[in-house]
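These notes concern the structure reproduced below.
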Amino acid sequence: MRSVSILKFLIFIPLFIVSCSSSDKLDTGSNTPFENHKWTLKTLNNKKVVIPESGKDIYVIFKSDGNRAEGYGGCNNFFGSYKLNKNKIELSKLASTEMFCESMMETESDFLRTLGITKKFKIKGNKLQLYDSSKIIATLEYTGVSDN
């Protein structure tokens, strides 16, 4: 009888350790990593995003080293910090350089505002969906490992 109890205990311990360790991982819904990758903006508030005159994509990178968010908004570079809790995210107020680009200022402002109100995210394949409290507010596409 005692050997059965010891056997149950020995089976229970590894299961307990596995269940505890896996709960700390991000629940992204995909094998595509959220952090340290370049995410290019594709839709913003249900509208397709046009490539800026510069020809440079609008993007964000969430860097795990220091939990820094940085990217390009269509005219200016921006940066800030973020906190993750599974698939929930909170971004600090983002700062940016201060160049003026008449044709992209509205898109850039909307993108930065959208990042600021993002509450959660979901990754489906190579797409990153950003949500406010209830609906998708932006869709980005995985475009590679961050090189900076």
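We label chains A, B, ... in the order they appear in the structure tokens, count residues from 1 in each chain, and number ligands from 1 in the order shown.
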
Non-local contacts of Ser133 in chain A (8 Å; only C-alpha atoms; under 5 positions in same chain excluded) as a list in words
Thr118, Lys119 and Lys120 of chain A

Where does DSSP see alpha helix (DSSP H) in range 18-145 of chain A, if you list the residues as a PyMOL selection string?
chain A and resi 18-22+105-117

Please compute the CA of Met104 in chain A-CA of Gly144 in chain A distance, one decimal, in Å.
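Interatomic distance, CA of Met104 in chain A to CA of Gly144 in chain A: 24.0 Å.
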
Determine, for each residue of range 26-69 of chain A having at least one atom at most 12 Å from an atom of range 91-99 of chain A, the closest pair of atoms and their separation in Å to one decimal, counting only C-alpha atoms; order by chain and ascending number, as a tab-separated table.
residue	atom	partner	partner_atom	distance
A:Val60	CA	A:Leu94	CA	11.6
A:Phe62	CA	A:Leu91	CA	10.1
A:Asn67	CA	A:Leu91	CA	9.7
A:Arg68	CA	A:Leu91	CA	9.2
A:Ala69	CA	A:Leu91	CA	7.9

Each range 87-146 of chain A residue no farther than 12 Å from range 41-48 of chain A, nearest pair in Å, only C-alpha atoms, as CSV:
residue,atom,partner,partner_atom,distance
A:Glu106,CA,A:Leu44,CA,11.5
A:Thr107,CA,A:Leu44,CA,8.5
A:Glu108,CA,A:Leu44,CA,10.3
A:Ser109,CA,A:Leu44,CA,11.2
A:Asp110,CA,A:Leu44,CA,7.9
A:Phe111,CA,A:Leu44,CA,7.0
A:Leu112,CA,A:Leu44,CA,10.6
A:Arg113,CA,A:Leu44,CA,10.7
A:Thr114,CA,A:Leu44,CA,8.1
A:Leu115,CA,A:Leu44,CA,10.3
A:Thr118,CA,A:Asn45,CA,11.9
A:Asn126,CA,A:Lys42,CA,11.8
A:Lys127,CA,A:Lys42,CA,9.3
A:Leu128,CA,A:Leu41,CA,9.2
A:Gln129,CA,A:Thr43,CA,9.5
A:Leu130,CA,A:Leu44,CA,9.6
A:Tyr131,CA,A:Asn45,CA,10.2
A:Asp132,CA,A:Asn45,CA,10.7
A:Lys135,CA,A:Asn45,CA,9.6
A:Ile136,CA,A:Asn45,CA,7.6
A:Ile137,CA,A:Asn45,CA,4.9
A:Ala138,CA,A:Leu44,CA,4.5
A:Thr139,CA,A:Thr43,CA,5.1
A:Leu140,CA,A:Leu41,CA,4.3
A:Glu141,CA,A:Leu41,CA,6.5
A:Tyr142,CA,A:Leu41,CA,9.2
A:Thr143,CA,A:Leu41,CA,10.0

Suppose we keep N, CA and C atoms; can you now write the selection as a CSV table (one decimal), in the first residue's frame?
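Below you can see again.csv, which holds the result:
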chain,number,residue,atom,x,y,z
A,106,GLU,N,-1.2,62.1,-39.8
A,106,GLU,CA,-2.5,61.5,-39.3
A,106,GLU,C,-2.3,60.0,-39.0
A,107,THR,N,-1.8,59.3,-39.9
A,107,THR,CA,-1.6,57.8,-39.8
A,107,THR,C,-0.6,57.6,-38.6
A,108,GLU,N,0.4,58.3,-38.5
A,108,GLU,CA,1.4,58.1,-37.4
A,108,GLU,C,0.7,58.4,-36.1
A,109,SER,N,0.0,59.5,-36.0
A,109,SER,CA,-0.7,59.9,-34.7
A,109,SER,C,-1.7,58.8,-34.3
A,110,ASP,N,-2.4,58.3,-35.3
A,110,ASP,CA,-3.4,57.2,-35.0
A,110,ASP,C,-2.7,56.0,-34.6
A,111,PHE,N,-1.6,55.6,-35.2
A,111,PHE,CA,-0.9,54.4,-34.8
A,111,PHE,C,-0.3,54.5,-33.4
A,112,LEU,N,0.3,55.6,-33.0
A,112,LEU,CA,0.8,55.8,-31.7
A,112,LEU,C,-0.3,55.8,-30.6
A,113,ARG,N,-1.4,56.5,-31.0
A,113,ARG,CA,-2.6,56.5,-30.1
A,113,ARG,C,-3.1,55.1,-29.9
A,114,THR,N,-3.2,54.3,-31.0
A,114,THR,CA,-3.7,52.9,-30.9
A,114,THR,C,-2.8,52.1,-30.1
A,115,LEU,N,-1.5,52.2,-30.2
A,115,LEU,CA,-0.5,51.5,-29.3
A,115,LEU,C,-0.8,51.8,-27.9
A,118,THR,N,-3.9,49.9,-26.5
A,118,THR,CA,-3.9,48.5,-26.7
A,118,THR,C,-3.8,47.8,-25.3
A,126,ASN,N,1.3,34.5,-38.9
A,126,ASN,CA,2.3,35.5,-38.9
A,126,ASN,C,1.6,36.9,-38.7
A,127,LYS,N,0.4,36.9,-38.2
A,127,LYS,CA,-0.3,38.2,-37.9
A,127,LYS,C,-0.4,38.5,-36.4
A,128,LEU,N,-0.2,39.7,-36.1
A,128,LEU,CA,-0.4,40.1,-34.7
A,128,LEU,C,-1.6,41.0,-34.7
A,129,GLN,N,-2.6,40.7,-33.9
A,129,GLN,CA,-3.8,41.5,-33.7
A,129,GLN,C,-3.7,42.2,-32.4
A,130,LEU,N,-3.9,43.5,-32.4
A,130,LEU,CA,-3.9,44.3,-31.2
A,130,LEU,C,-5.4,44.7,-30.9
A,131,TYR,N,-5.7,44.6,-29.6
A,131,TYR,CA,-7.1,44.8,-29.2
A,131,TYR,C,-7.1,45.9,-28.1
A,132,ASP,N,-8.2,46.7,-28.2
A,132,ASP,CA,-8.5,47.5,-27.0
A,132,ASP,C,-9.2,46.6,-26.0
A,135,LYS,N,-12.3,44.9,-29.1
A,135,LYS,CA,-12.2,44.7,-30.6
A,135,LYS,C,-10.8,44.9,-31.1
A,136,ILE,N,-10.5,44.3,-32.3
A,136,ILE,CA,-9.2,44.5,-33.0
A,136,ILE,C,-9.1,45.9,-33.4
A,137,ILE,N,-8.0,46.6,-33.1
A,137,ILE,CA,-7.7,47.9,-33.4
A,137,ILE,C,-6.6,48.1,-34.4
A,138,ALA,N,-5.8,47.0,-34.5
A,138,ALA,CA,-4.7,47.1,-35.5
A,138,ALA,C,-4.2,45.6,-35.8
A,139,THR,N,-3.8,45.4,-37.0
A,139,THR,CA,-3.2,44.2,-37.4
A,139,THR,C,-1.8,44.4,-38.0
A,140,LEU,N,-0.9,43.7,-37.5
A,140,LEU,CA,0.5,43.8,-38.0
A,140,LEU,C,1.0,42.4,-38.5
A,141,GLU,N,2.0,42.5,-39.3
A,141,GLU,CA,2.5,41.2,-39.9
A,141,GLU,C,4.0,41.0,-39.5
A,142,TYR,N,4.3,39.8,-39.2
A,142,TYR,CA,5.7,39.4,-38.9
A,142,TYR,C,6.5,39.6,-40.1
A,143,THR,N,7.6,40.4,-40.0
A,143,THR,CA,8.5,40.6,-41.1
A,143,THR,C,9.9,40.4,-40.8

Could you tell me how far CA of Asp65 in chain A sits from CA of His37 in chain A, in Å to one decimal place?
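Computing it gives 12.3 Å between the two atoms.
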
If you run DSSP on this backbone, which residues of range 27-103 of chain A come out as strand (DSSP E), and could you give them as a PyMOL selection string?
chain A and resi 37-44+47-48+59-63+68-72+77-85+88-91+95-96
